[in-house]
>>> print(open('protein-v4.txt').read())   # compact mmCIF, C-alpha atoms
# COMPACT_ATOMS: atom_id res chain seq x y z
CA MET A 644 -32.59 -36.05 -10.53
CA ALA A 645 -28.87 -35.75 -9.90
CA PRO A 646 -26.64 -37.43 -12.51
CA ILE A 647 -25.06 -40.69 -11.43
CA SER A 648 -21.33 -40.95 -12.02
CA LYS A 649 -19.97 -43.65 -14.30
CA ASN A 650 -18.27 -45.39 -11.39
CA ILE A 651 -21.47 -45.61 -9.35
CA ARG A 652 -23.44 -46.85 -12.36
CA LEU A 653 -20.84 -49.55 -13.01
CA THR A 654 -20.92 -50.56 -9.35
CA LEU A 655 -24.73 -50.84 -9.41
CA ILE A 656 -24.60 -52.95 -12.57
CA LEU A 657 -21.99 -55.24 -11.01
CA MET A 658 -24.07 -55.61 -7.86
CA PHE A 659 -27.16 -56.48 -9.93
CA PHE A 660 -25.34 -59.27 -11.75
CA ALA A 661 -23.79 -60.40 -8.50
CA PHE A 662 -27.02 -60.92 -6.65
CA ALA A 663 -28.65 -62.45 -9.74
CA SER A 664 -25.99 -65.13 -9.87
CA LYS A 665 -25.98 -68.42 -8.11
CA ALA A 666 -25.20 -68.01 -4.43
CA GLN A 667 -21.97 -69.35 -2.98
CA ASN A 668 -21.26 -66.99 -0.16
CA GLY A 669 -18.50 -66.82 2.42
CA LEU A 670 -15.50 -64.98 3.77
CA GLN A 671 -12.32 -64.99 1.75
CA MET A 672 -8.93 -63.37 1.86
CA ASP A 673 -6.68 -62.03 -0.86
CA ILE A 674 -2.95 -61.61 -0.42
CA ALA A 675 -1.00 -60.21 -3.34
CA TYR A 676 2.39 -58.80 -4.20
CA ARG A 677 2.18 -55.65 -6.28
CA VAL A 678 4.44 -53.41 -8.29
CA ASP A 679 3.38 -49.78 -8.75
CA ILE A 680 4.57 -47.45 -11.47
CA PRO A 681 4.10 -43.72 -10.81
CA THR A 682 2.31 -41.69 -13.47
CA GLY A 683 1.50 -38.00 -14.01
CA SER A 684 3.00 -35.36 -11.75
CA PHE A 685 3.98 -38.05 -9.26
CA THR A 686 6.90 -38.79 -11.58
CA ASN A 687 8.29 -35.30 -10.84
CA GLN A 688 9.23 -36.61 -7.39
CA VAL A 689 9.64 -40.32 -8.01
CA SER A 690 9.81 -42.01 -11.38
CA ASN A 691 11.11 -45.34 -10.10
CA ALA A 692 8.61 -48.16 -9.79
CA SER A 693 7.81 -49.41 -6.32
CA ALA A 694 8.70 -53.06 -6.09
CA LYS A 695 7.84 -53.18 -2.40
CA GLY A 696 4.09 -53.43 -2.22
CA PHE A 697 1.28 -55.71 -1.31
CA ASN A 698 -2.51 -55.98 -1.10
CA ALA A 699 -4.35 -57.72 1.71
CA ALA A 700 -8.13 -57.91 1.45
CA LEU A 701 -10.84 -59.50 3.50
CA SER A 702 -14.06 -59.82 1.52
CA TYR A 703 -17.41 -61.50 1.53
CA SER A 704 -18.40 -63.47 -1.51
CA PHE A 705 -22.13 -63.14 -2.08
CA ASN A 706 -22.05 -65.77 -4.81
CA THR A 707 -19.56 -67.24 -7.28
CA LYS A 708 -19.21 -63.94 -9.09
CA PHE A 709 -19.47 -60.98 -6.75
CA SER A 710 -17.55 -60.11 -3.62
CA LEU A 711 -17.33 -57.02 -1.49
CA GLY A 712 -14.70 -56.30 1.15
CA LEU A 713 -12.01 -54.16 2.67
CA MET A 714 -8.52 -53.98 1.22
CA VAL A 715 -5.33 -52.56 2.72
CA SER A 716 -2.44 -51.90 0.38
CA TYR A 717 1.06 -50.65 0.89
CA ASN A 718 3.85 -49.51 -1.33
CA ASP A 719 7.13 -47.74 -0.81
CA TYR A 720 8.68 -45.36 -3.33
CA TYR A 721 12.27 -44.24 -3.17
CA GLN A 722 14.46 -42.18 -5.44
CA LYS A 723 17.80 -40.54 -4.87
CA TYR A 724 18.95 -37.71 -7.14
CA PRO A 725 22.57 -36.67 -7.73
CA ARG A 726 23.88 -33.60 -5.95
CA ALA A 727 22.32 -30.41 -7.31
CA LEU A 728 21.54 -26.85 -6.25
CA TYR A 729 18.13 -26.07 -4.75
CA THR A 730 16.52 -22.95 -3.33
CA ASP A 731 14.78 -23.32 0.02
CA ALA A 732 11.81 -21.42 1.45
CA HIS A 733 14.14 -18.74 2.83
CA GLY A 734 15.71 -18.15 -0.57
CA SER A 735 18.98 -19.80 0.45
CA THR A 736 20.92 -21.88 -2.05
CA ILE A 737 21.46 -25.47 -0.99
CA SER A 738 23.76 -28.00 -2.59
CA ALA A 739 22.42 -31.41 -1.68
CA VAL A 740 21.73 -34.95 -2.69
CA MET A 741 17.93 -35.10 -2.69
CA THR A 742 16.09 -38.27 -1.73
CA ASN A 743 12.33 -38.63 -1.99
CA SER A 744 10.75 -41.37 0.10
CA ILE A 745 6.99 -41.88 -0.18
CA GLN A 746 4.82 -44.54 1.39
CA GLN A 747 1.19 -45.06 0.47
CA THR A 748 -1.25 -47.10 2.56
CA PRO A 749 -4.65 -47.04 0.86
CA ILE A 750 -7.57 -48.52 2.80
CA GLN A 751 -10.47 -49.16 0.43
CA VAL A 752 -13.82 -50.80 0.12
CA VAL A 753 -13.39 -53.06 -2.90
CA ALA A 754 -15.84 -54.89 -5.12
CA ASP A 755 -14.87 -57.67 -7.53
CA TYR A 756 -16.99 -59.20 -10.23
CA LYS A 757 -16.03 -62.33 -12.17
CA LEU A 758 -17.09 -62.06 -15.78
CA ILE A 759 -16.80 -65.85 -16.10
CA ASP A 760 -16.96 -68.04 -13.00
CA LYS A 761 -16.09 -71.39 -14.57
CA GLY A 762 -13.02 -72.79 -16.25
CA ILE A 763 -9.30 -72.51 -15.78
CA ILE A 764 -9.21 -68.78 -16.47
CA GLN A 765 -11.87 -66.59 -14.86
CA PRO A 766 -11.59 -62.92 -15.81
CA TYR A 767 -12.74 -60.29 -13.34
CA VAL A 768 -13.05 -56.56 -12.92
CA GLY A 769 -12.80 -54.63 -9.68
CA LEU A 770 -13.38 -51.19 -8.20
CA GLY A 771 -12.22 -49.62 -4.99
CA ALA A 772 -12.75 -46.40 -3.03
CA GLY A 773 -11.41 -45.25 0.29
CA PHE A 774 -8.64 -43.23 1.86
CA ASN A 775 -4.92 -43.18 1.39
CA LEU A 776 -2.50 -42.56 4.24
CA VAL A 777 0.50 -40.88 2.63
CA SER A 778 3.88 -40.38 4.23
CA TYR A 779 6.22 -38.10 2.27
CA ASP A 780 9.81 -37.48 3.29
CA GLN A 781 12.03 -35.26 1.21
CA TYR A 782 15.63 -35.46 2.36
CA LEU A 783 18.26 -32.89 1.48
CA GLY A 784 21.38 -34.79 2.41
CA GLU A 785 20.49 -36.37 5.72
CA PHE A 786 18.00 -33.67 6.62
CA ASP A 787 14.39 -34.69 6.44
CA ASN A 788 11.28 -32.62 5.84
CA PRO A 789 8.50 -35.08 6.77
CA GLN A 790 4.89 -34.55 5.73
CA ASN A 791 1.79 -36.70 6.06
CA ALA A 792 -1.60 -36.64 4.37
CA PHE A 793 -4.87 -38.56 4.46
CA LYS A 794 -6.55 -38.32 1.05
CA PRO A 795 -9.42 -39.96 -0.83
CA THR A 796 -8.34 -42.68 -3.21
CA PHE A 797 -9.99 -44.65 -5.99
CA SER A 798 -8.89 -47.67 -7.94
CA GLY A 799 -9.96 -49.92 -10.74
CA ASP A 800 -8.44 -53.19 -11.79
CA ALA A 801 -8.95 -56.16 -14.06
CA GLY A 802 -7.35 -59.55 -14.36
CA ILE A 803 -7.90 -63.25 -14.04
CA PHE A 804 -8.45 -65.87 -11.37
CA ILE A 805 -6.88 -69.27 -11.93
CA PRO A 806 -8.39 -71.88 -9.58
CA VAL A 807 -5.73 -74.13 -8.12
CA SER A 808 -8.00 -77.20 -8.40
CA ARG A 809 -11.50 -78.18 -9.40
CA ILE A 810 -12.63 -78.82 -5.85
CA SER A 811 -11.05 -75.85 -4.11
CA SER A 812 -12.16 -72.22 -4.13
CA THR A 813 -8.56 -71.12 -3.68
CA ALA A 814 -7.31 -69.32 -6.76
CA ILE A 815 -4.31 -67.46 -8.06
CA ARG A 816 -5.14 -63.87 -8.86
CA ILE A 817 -3.23 -61.88 -11.48
CA GLY A 818 -4.26 -58.40 -12.51
CA ALA A 819 -3.43 -54.81 -13.31
CA GLY A 820 -5.00 -51.62 -12.09
CA TYR A 821 -4.93 -47.87 -11.95
CA ASN A 822 -4.97 -45.94 -8.70
CA PHE A 823 -6.01 -42.30 -8.23
CA THR A 824 -5.02 -40.21 -5.22
CA PRO A 825 -5.28 -36.43 -5.53
CA LEU A 826 -2.72 -34.57 -3.46
CA ASN A 827 -1.29 -31.10 -3.02
CA MET A 828 2.00 -31.52 -1.24
CA GLY A 829 5.53 -30.47 -2.09
CA GLY A 830 4.67 -29.83 -5.72
CA ILE A 831 2.92 -33.18 -6.12
CA LYS A 832 -0.59 -32.89 -7.56
CA ASN A 833 -1.42 -36.57 -7.39
CA LEU A 834 -0.03 -39.96 -6.46
CA ASN A 835 -1.56 -41.83 -9.38
CA THR A 836 -0.03 -45.17 -10.21
CA PHE A 837 -0.42 -48.06 -12.57
CA ASP A 838 -0.03 -51.38 -10.78
CA ILE A 839 0.34 -55.03 -11.56
CA HIS A 840 -0.35 -57.58 -8.87
CA ALA A 841 -0.25 -61.30 -8.34
CA GLY A 842 -1.40 -63.28 -5.35
CA VAL A 843 -3.77 -65.80 -3.91
CA ARG A 844 -7.42 -65.76 -2.94
CA PHE A 845 -8.40 -68.34 -0.39
CA PRO A 846 -11.73 -68.92 1.33
CA PHE A 847 -12.32 -69.25 5.06
CA ASN A 848 -14.23 -72.51 4.81
CA MET B 660 -7.34 -74.72 9.03
CA LEU B 661 -9.14 -71.45 9.56
CA GLN B 662 -6.73 -70.38 12.31
CA LYS B 663 -3.74 -71.27 10.17
CA GLN B 664 -5.06 -69.19 7.28
CA TRP B 665 -5.73 -66.27 9.56
CA PHE B 666 -2.25 -66.63 11.01
CA TYR B 667 -0.53 -66.45 7.65
CA GLY B 668 -3.01 -63.93 6.27
CA ILE B 669 -2.27 -61.44 9.00
CA LEU B 670 1.33 -62.29 9.76
CA ILE B 671 2.68 -62.00 6.23
CA PRO B 672 1.42 -58.43 5.60
CA VAL B 673 2.66 -57.29 9.01
CA ILE B 674 6.12 -58.66 8.29
CA ILE B 675 6.10 -57.03 4.87
CA ILE B 676 5.01 -53.67 6.29
CA ALA B 677 7.66 -53.75 8.98
CA GLY B 678 10.42 -54.58 6.56
CA CYS B 679 9.37 -52.73 3.46
CA LYS B 680 10.44 -49.12 3.82
CA LYS B 681 13.78 -48.33 2.31
CA ASP B 682 15.47 -45.99 4.79
CA PRO B 683 17.14 -43.16 2.83
CA LEU B 684 19.69 -42.55 5.59
CA ASN B 685 21.05 -46.05 5.13
CA HIS B 686 21.72 -45.33 1.47
CA LEU B 687 23.78 -42.14 1.85
CA THR B 688 27.53 -41.89 1.99
CA ASN B 689 29.01 -39.34 4.37
CA GLU B 690 29.62 -37.03 1.41
CA GLU B 691 26.03 -37.42 0.23
CA SER B 692 24.74 -36.70 3.74
CA ARG B 693 26.27 -33.24 3.72
CA ILE B 694 24.46 -30.10 2.62
CA TYR B 695 26.03 -26.79 1.69
CA VAL B 696 23.82 -23.78 2.33
CA THR B 697 24.64 -20.24 1.24
CA ASP B 698 22.76 -16.97 1.32
CA HIS B 699 23.66 -13.33 0.91
CA ASP B 700 22.44 -9.76 1.11
CA SER B 701 20.87 -9.35 -2.31
CA THR B 702 21.52 -5.58 -2.20
CA ALA B 703 25.26 -6.00 -1.69
CA ASN B 704 27.73 -5.12 -4.44
CA PHE B 705 30.54 -7.55 -3.78
CA GLN B 706 32.78 -5.85 -6.30
CA SER B 707 32.91 -2.77 -4.09
CA TYR B 708 34.96 -4.66 -1.51
CA LYS B 709 38.64 -5.42 -2.04
CA THR B 710 40.25 -6.38 1.26
CA TYR B 711 39.35 -8.67 4.11
CA SER B 712 40.58 -9.98 7.42
CA ILE B 713 39.77 -13.32 8.98
CA SER B 714 39.65 -14.42 12.59
CA ASP B 715 42.70 -16.49 13.56
CA SER B 716 40.67 -19.30 15.12
CA VAL B 717 37.25 -20.86 14.96
CA SER B 718 34.58 -20.07 17.53
CA VAL B 719 32.58 -22.87 19.05
CA ILE B 720 28.92 -21.93 19.47
CA GLN B 721 27.33 -24.51 21.72
CA ASP B 722 23.63 -24.28 22.44
CA ASN B 723 23.58 -20.62 21.38
CA GLN B 724 26.50 -19.67 23.61
CA ASN B 725 30.14 -19.01 22.82
CA ALA B 726 32.04 -22.01 24.17
CA GLY B 727 35.51 -20.81 23.24
CA GLN B 728 37.95 -21.01 20.35
CA LEU B 729 39.39 -23.94 18.46
CA LEU B 730 42.46 -24.22 16.26
CA GLY B 731 43.03 -27.87 15.50
CA LEU B 732 43.96 -29.35 12.16
CA TYR B 733 40.41 -29.08 10.81
CA GLU B 734 40.19 -25.43 11.82
CA ILE B 735 43.62 -24.62 10.33
CA ASN B 736 42.68 -26.31 7.06
CA LEU B 737 39.35 -24.52 7.05
CA ILE B 738 40.86 -21.06 7.53
CA ASN B 739 43.55 -21.73 4.91
CA ALA B 740 40.92 -22.92 2.44
CA ILE B 741 38.89 -19.76 3.02
CA LYS B 742 41.98 -17.64 2.38
CA THR B 743 42.63 -19.55 -0.84
CA SER B 744 39.07 -19.12 -2.09
CA MET B 745 38.99 -15.44 -1.18
CA GLN B 746 42.25 -14.89 -3.02
CA GLN B 747 40.94 -16.76 -6.08
CA ASN B 748 37.88 -14.51 -5.99
CA GLY B 749 40.03 -11.38 -6.03
CA TYR B 750 40.05 -10.33 -2.36
CA SER B 751 43.27 -9.36 -0.57
CA LEU B 752 44.03 -10.49 2.96
CA VAL B 753 45.08 -7.68 5.28
CA ASP B 754 45.57 -7.37 9.01
CA LYS B 755 42.48 -6.28 10.89
CA SER B 756 44.34 -3.15 11.99
CA SER B 757 44.53 -2.08 8.31
CA ASN B 758 40.81 -1.25 8.03
CA PRO B 759 39.69 -4.22 5.92
CA ASP B 760 36.54 -3.87 3.88
CA LEU B 761 35.33 -7.28 4.99
CA ALA B 762 35.63 -9.46 8.08
CA ILE B 763 35.24 -13.23 8.18
CA ASN B 764 34.05 -15.12 11.24
CA VAL B 765 34.14 -18.90 11.29
CA SER B 766 32.01 -20.90 13.73
CA GLU B 767 31.42 -24.49 14.65
CA ILE B 768 27.83 -24.75 15.78
CA ILE B 769 27.06 -27.53 18.21
CA ASN B 770 23.61 -28.25 19.51
CA THR B 771 23.21 -30.67 22.39
CA GLN B 772 19.81 -29.56 23.62
CA THR B 773 17.46 -30.65 20.86
CA ASN B 774 17.67 -31.99 17.35
CA VAL B 775 16.64 -28.67 15.88
CA ILE B 776 19.21 -26.08 14.87
CA ASP B 777 17.59 -22.76 14.11
CA TYR B 778 19.96 -20.44 12.28
CA SER B 779 17.73 -17.42 12.74
CA MET B 780 18.37 -17.77 16.48
CA TYR B 781 22.06 -18.03 15.69
CA TRP B 782 21.96 -14.47 14.39
CA ASP B 783 19.83 -13.20 17.28
CA SER B 784 22.73 -13.89 19.64
CA TYR B 785 25.57 -13.08 17.28
CA SER B 786 26.88 -10.22 19.43
CA SER B 787 27.34 -12.63 22.31
CA TYR B 788 29.51 -14.92 20.15
CA TYR B 789 31.59 -12.22 18.57
CA ASP B 790 32.40 -9.00 20.37
CA PRO B 791 31.77 -6.25 17.80
CA TYR B 792 34.73 -4.43 19.29
CA TYR B 793 37.00 -7.04 17.73
CA TRP B 794 36.07 -5.72 14.28
CA GLY B 795 34.84 -2.23 14.95
CA ASP B 796 34.08 0.40 17.53
CA PRO B 797 32.29 -0.20 20.83
CA GLY B 798 28.56 0.03 20.44
CA TYR B 799 28.42 -1.65 17.07
CA GLY B 800 25.94 -4.46 16.59
CA TYR B 801 25.47 -7.22 14.06
CA TYR B 802 22.68 -7.60 11.57
CA SER B 803 21.83 -10.18 8.95
CA PRO B 804 19.22 -9.43 6.28
CA TYR B 805 18.73 -13.16 5.65
CA SER B 806 18.62 -16.38 7.63
CA LEU B 807 19.66 -19.88 6.75
CA GLY B 808 16.58 -21.61 8.12
CA THR B 809 15.88 -24.39 10.55
CA TYR B 810 17.18 -27.91 10.25
CA THR B 811 16.30 -31.02 12.17
CA SER B 812 19.54 -32.77 12.78
CA GLN B 813 21.66 -34.72 15.17
CA THR B 814 24.79 -33.35 13.57
CA ASP B 815 26.60 -30.08 13.91
CA GLY B 816 27.50 -27.36 11.46
CA THR B 817 30.30 -25.10 10.35
CA GLU B 818 29.35 -21.58 9.37
CA ILE B 819 31.39 -18.90 7.64
CA ASP B 820 30.11 -15.32 7.80
CA LEU B 821 31.34 -12.48 5.62
CA LEU B 822 30.75 -9.13 7.35
CA ASP B 823 30.66 -5.60 5.97
CA LEU B 824 33.14 -3.44 7.89
CA LYS B 825 33.48 -0.87 5.14
CA ASN B 826 29.95 0.47 5.56
CA ALA B 827 29.42 -0.24 9.27
CA SER B 828 29.13 3.45 10.16
CA ALA B 829 26.88 4.19 7.20
CA ASN B 830 24.70 1.23 8.21
CA GLY B 831 23.87 2.85 11.53
CA SER B 832 26.76 1.31 13.50
CA LYS B 833 25.73 -2.14 12.36
CA ILE B 834 28.09 -4.74 11.02
CA VAL B 835 25.91 -6.28 8.35
CA SER B 836 26.41 -9.84 7.23
CA LEU B 837 26.82 -9.95 3.45
CA TRP B 838 27.23 -13.67 2.92
CA SER B 839 27.02 -16.86 4.95
CA GLY B 840 27.99 -20.38 4.14
CA LEU B 841 26.93 -23.35 6.20
CA VAL B 842 28.03 -26.98 6.02
CA MET B 843 26.07 -29.69 7.82
CA GLY B 844 26.10 -33.46 7.75
CA GLN B 845 28.28 -36.40 8.58
CA ASP B 846 32.04 -36.17 9.11
CA ILE B 847 32.24 -32.42 8.49
CA TYR B 848 35.01 -31.94 11.08
CA ASN B 849 37.36 -34.29 9.28
CA PRO B 850 40.47 -32.19 8.44
CA ASN B 851 40.60 -33.86 5.01
CA ASN B 852 37.15 -32.48 4.18
CA ALA B 853 37.77 -28.84 5.14
CA ALA B 854 39.07 -27.68 1.73
CA SER B 855 36.26 -29.30 -0.27
CA GLU B 856 33.64 -27.89 2.11
CA VAL B 857 34.90 -24.35 1.56
CA GLN B 858 35.33 -24.88 -2.16
CA LYS B 859 31.70 -26.02 -2.52
CA LEU B 860 30.37 -23.03 -0.58
CA PHE B 861 32.29 -20.57 -2.71
CA SER B 862 31.59 -22.30 -6.01
CA GLN B 863 27.82 -22.04 -5.51
CA SER B 864 28.19 -18.31 -4.72
CA THR B 865 29.19 -17.02 -8.14
CA TYR B 866 28.41 -13.40 -7.19
CA LEU B 867 31.11 -13.43 -4.52
CA LYS B 868 33.90 -11.86 -6.57
CA ALA B 869 35.91 -8.66 -6.21
CA ASN B 870 36.33 -8.20 -9.95
>>> encode(input="protein-v4.txt", output="structure tokens")
Amino acid sequence: MAPISKNIRLTLILMFFAFASKAQNGLQMDIAYRVDIPTGSFTNQVSNASAKGFNAALSYSFNTKFSLGLMVSYNDYYQKYPRALYTDAHGSTISAVMTNSIQQTPIQVVADYKLIDKGIIQPYVGLGAGFNLVSYDQYLGEFDNPQNAFKPTFSGDAGIFIPVSRISSTAIRIGAGYNFTPLNMGGIKNLNTFDIHAGVRFPFN
Amino acid sequence: MLQKQWFYGILIPVIIIAGCKKDPLNHLTNEESRIYVTDHDSTANFQSYKTYSISDSVSVIQDNQNAGQLLGLYEINLINAIKTSMQQNGYSLVDKSSNPDLAINVSEIINTQTNVIDYSMYWDSYSSYYDPYYWGDPGYGYYSPYSLGTYTSQTDGTEIDLLDLKNASANGSKIVSLWSGLVMGQDIYNPNNAASEVQKLFSQSTYLKAN
């Protein structure tokens, strides 16, 4: 029997608890603002945090604890470096102000599980897997060298839901996560980031 | 209620996506937009050359064809700055009739056909821009052992080429390019920028010295 990865095992455990819980199903949407901080070799190109990001997810809540859906995220990274000398592919020496501009648009299947589904603070954990549309522009001066990639991406996050009232299913969502995207482009081996996000979950009922 | 939620749920992300990307070009000054590209024949011994001559005007290369000569204030400042830098690097200016070791051609490269300027093509047609007879004997050709690459741009460039006249016969009747400097970006043809453009090209070419 083939070994089951830790992520799959965790997903199966979450799904078990989800379906074992009391049913309260329905469509819901999450909108969140997010800030991403590059980690690993990503910082060789951009070390500045991206303060221009968001999550938008449409999910189905199987009960009060477990939901499964599709999430689209976006973030924009930008960093300008002072004038320096570079060597191009032809071996020429170039004096330029380098600007790296990277946009990530991950599209993931996401699963959330509330560890506690009652009270003012309801902690949760979440997992996601999908693909990341990456746009990478490296400018030397005003001259762009655009590249695009479509890569697998994985994410995990944890945080809390704070219901806005006792009678409403709408809740404020605050969390932090880690995002993995392997890449081999322009000296970047990955686009891994640590993120913090805050937004609202509201039901369609 | 449902329609209103959908409206805001979809509209807000779309607005954010449309307005989120920080455009690098909007955050560059004219000086920051400029790049200075240099390359040279790695086999050349620049200390073996002592004298040079420079063309008395700047050639305009438009869409890979020679479109004439220019000698406005920018071009005058450019040529004077080249003379200054060459002198600082130990080379002596002589008349072209005095058998200079080196020749310098200066070009303004204008591309109106596409947004791509390919500097390998620039060298392919070099003989049509500059008559080899101007520097040497009839039948000579030009050759560059390097190329400065391809750039996607809506702007034009200024290129300075340092040519080997001393060894043209030994090189099989070829006038070999020893060094090229290229400036591209915004506001490069401003007469006030000519001296700094030349200074940057020479300062990043530390091997380009007679002594």
>>> closest_atom_pairs(input="protein-v4.txt", of="chain B", to="chain A", cutoff="6 Å", atoms="only C-alpha atoms", output="JSON lines")
{"residue": "B:Leu661", "atom": "CA", "partner": "A:Phe847", "partner_atom": "CA", "distance": 5.9}
{"residue": "B:Lys680", "atom": "CA", "partner": "A:Asp719", "partner_atom": "CA", "distance": 5.9}
{"residue": "B:Glu691", "atom": "CA", "partner": "A:Val740", "partner_atom": "CA", "distance": 5.8}
{"residue": "B:Ser692", "atom": "CA", "partner": "A:Gly784", "partner_atom": "CA", "distance": 4.1}
{"residue": "B:Arg693", "atom": "CA", "partner": "A:Gly784", "partner_atom": "CA", "distance": 5.3}
{"residue": "B:Ile694", "atom": "CA", "partner": "A:Ala739", "partner_atom": "CA", "distance": 4.9}
{"residue": "B:Tyr695", "atom": "CA", "partner": "A:Ser738", "partner_atom": "CA", "distance": 5.0}
{"residue": "B:Val696", "atom": "CA", "partner": "A:Ile737", "partner_atom": "CA", "distance": 4.4}
{"residue": "B:Thr697", "atom": "CA", "partner": "A:Thr736", "partner_atom": "CA", "distance": 5.2}
{"residue": "B:Asp698", "atom": "CA", "partner": "A:Ser735", "partner_atom": "CA", "distance": 4.8}
>>> residues_around(input="protein-v4.txt", residues="segment 728-731 of chain B", least_positions_apart="6", cutoff="7 Å", atoms="all atoms listed in the file", output="list in words")
Ser716, Val717, Ser718 and Val719 of chain B
>>> residues_around(input="protein-v4.txt", residues="segment 798-814 of chain A", least_positions_apart="6", cutoff="7 Å", atoms="all atoms listed in the file", output="mmCIF file with C-alpha atoms, in the frame of the given file")
data_model
loop_
_atom_site.group_PDB
_atom_site.id
_atom_site.type_symbol
_atom_site.label_atom_id
_atom_site.label_comp_id
_atom_site.auth_asym_id
_atom_site.auth_seq_id
_atom_site.Cartn_x
_atom_site.Cartn_y
_atom_site.Cartn_z
ATOM 1 C CA ILE A 763 -9.300 -72.510 -15.780
ATOM 2 C CA ILE A 764 -9.210 -68.780 -16.470
ATOM 3 C CA GLN A 765 -11.870 -66.590 -14.860
ATOM 4 C CA PRO A 766 -11.590 -62.920 -15.810
ATOM 5 C CA TYR A 767 -12.740 -60.290 -13.340
ATOM 6 C CA VAL A 768 -13.050 -56.560 -12.920
ATOM 7 C CA GLY A 769 -12.800 -54.630 -9.680
ATOM 8 C CA LEU A 770 -13.380 -51.190 -8.200
ATOM 9 C CA GLY A 771 -12.220 -49.620 -4.990
ATOM 10 C CA ALA A 772 -12.750 -46.400 -3.030
ATOM 11 C CA GLY A 820 -5.000 -51.620 -12.090
ATOM 12 C CA TYR A 821 -4.930 -47.870 -11.950
ATOM 13 C CA ASN A 822 -4.970 -45.940 -8.700
ATOM 14 C CA PHE A 823 -6.010 -42.300 -8.230
ATOM 15 C CA VAL A 843 -3.770 -65.800 -3.910
ATOM 16 C CA ARG A 844 -7.420 -65.760 -2.940
ATOM 17 C CA PHE A 845 -8.400 -68.340 -0.390
ATOM 18 C CA PRO A 846 -11.730 -68.920 1.330
#
>>> atom_distance(input="protein-v4.txt", atom1="atom CA of Val857 of chain B", atom2="atom CA of Lys825 of chain B")
23.8 Å
>>> atom_distance(input="protein-v4.txt", atom1="atom CA of Asp846 of chain B", atom2="atom CA of Asn739 of chain B")
18.9 Å
>>> atom_distance(input="protein-v4.txt", atom1="atom CA of Tyr778 of chain B", atom2="atom CA of Ser806 of chain B")
6.3 Å
>>> closest_residue(input="protein-v4.txt", among="B:Tyr733, B:Tyr848, B:Tyr750, B:Tyr788", to="Asp815 of chain B", atoms="only C-alpha atoms")
B:Tyr848
>>> residues_near_point(input="protein-v4.txt", point="(36.2, -13.6, 12.9)", cutoff="9 Å", atoms="all atoms listed in the file", output="ChimeraX atom specification")
/B:712-718,762-766,789,793-794,819-822
>>> closest_residue(input="protein-v4.txt", among="A:Leu670, A:Val777, A:Ala841, A:Leu758", to="Gly818 of chain A", atoms="all atoms listed in the file")
A:Ala841
>>> closest_residue(input="protein-v4.txt", among="A:Ile817, A:Met714, A:Leu826, A:Leu834", to="Val753 of chain A", atoms="only C-alpha atoms")
A:Met714
>>> residues_around(input="protein-v4.txt", residues="Asn826 of chain B", least_positions_apart="2", cutoff="12 Å", atoms="all atoms listed in the file", output="PyMOL selection string")
chain B and resi 703-704+707-708+758-762+795+799+822-824+828-837
>>> write_last_selection(input="protein-v4.txt", atoms="C-alpha atoms", output="short mmCIF file (atom, residue, chain, number, x, y, z; two decimals), in the frame of the given file")
data_model
loop_
_atom_site.label_atom_id
_atom_site.label_comp_id
_atom_site.auth_asym_id
_atom_site.auth_seq_id
_atom_site.Cartn_x
_atom_site.Cartn_y
_atom_site.Cartn_z
CA ALA B 703 25.26 -6.00 -1.69
CA ASN B 704 27.73 -5.12 -4.44
CA SER B 707 32.91 -2.77 -4.09
CA TYR B 708 34.96 -4.66 -1.51
CA ASN B 758 40.81 -1.25 8.03
CA PRO B 759 39.69 -4.22 5.92
CA ASP B 760 36.54 -3.87 3.88
CA LEU B 761 35.33 -7.28 4.99
CA ALA B 762 35.63 -9.46 8.08
CA GLY B 795 34.84 -2.23 14.95
CA TYR B 799 28.42 -1.65 17.07
CA LEU B 822 30.75 -9.13 7.35
CA ASP B 823 30.66 -5.60 5.97
CA LEU B 824 33.14 -3.44 7.89
CA SER B 828 29.13 3.45 10.16
CA ALA B 829 26.88 4.19 7.20
CA ASN B 830 24.70 1.23 8.21
CA GLY B 831 23.87 2.85 11.53
CA SER B 832 26.76 1.31 13.50
CA LYS B 833 25.73 -2.14 12.36
CA ILE B 834 28.09 -4.74 11.02
CA VAL B 835 25.91 -6.28 8.35
CA SER B 836 26.41 -9.84 7.23
CA LEU B 837 26.82 -9.95 3.45
#
>>> build_atoms(input="protein-v4.txt", residues="segment 738-743 of chain A", atoms="N, CA and C atoms", output="PDB file, in the frame of the given file")
ATOM      1  N   SER A 738      23.204 -26.894  -1.805  1.00  0.00           N
ATOM      2  CA  SER A 738      23.760 -28.000  -2.590  1.00  0.00           C
ATOM      3  C   SER A 738      23.497 -29.276  -1.807  1.00  0.00           C
ATOM      4  N   ALA A 739      22.782 -30.201  -2.420  1.00  0.00           N
ATOM      5  CA  ALA A 739      22.420 -31.410  -1.680  1.00  0.00           C
ATOM      6  C   ALA A 739      22.115 -32.565  -2.610  1.00  0.00           C
ATOM      7  N   VAL A 740      22.262 -33.736  -2.061  1.00  0.00           N
ATOM      8  CA  VAL A 740      21.730 -34.950  -2.690  1.00  0.00           C
ATOM      9  C   VAL A 740      20.295 -35.076  -2.185  1.00  0.00           C
ATOM     10  N   MET A 741      19.339 -35.033  -3.100  1.00  0.00           N
ATOM     11  CA  MET A 741      17.930 -35.100  -2.690  1.00  0.00           C
ATOM     12  C   MET A 741      17.436 -36.553  -2.777  1.00  0.00           C
ATOM     13  N   THR A 742      16.726 -36.952  -1.726  1.00  0.00           N
ATOM     14  CA  THR A 742      16.090 -38.270  -1.730  1.00  0.00           C
ATOM     15  C   THR A 742      14.620 -38.103  -1.413  1.00  0.00           C
ATOM     16  N   ASN A 743      13.772 -38.640  -2.262  1.00  0.00           N
ATOM     17  CA  ASN A 743      12.330 -38.630  -1.990  1.00  0.00           C
ATOM     18  C   ASN A 743      11.906 -40.027  -1.565  1.00  0.00           C
TER      19      ASN A 743
END
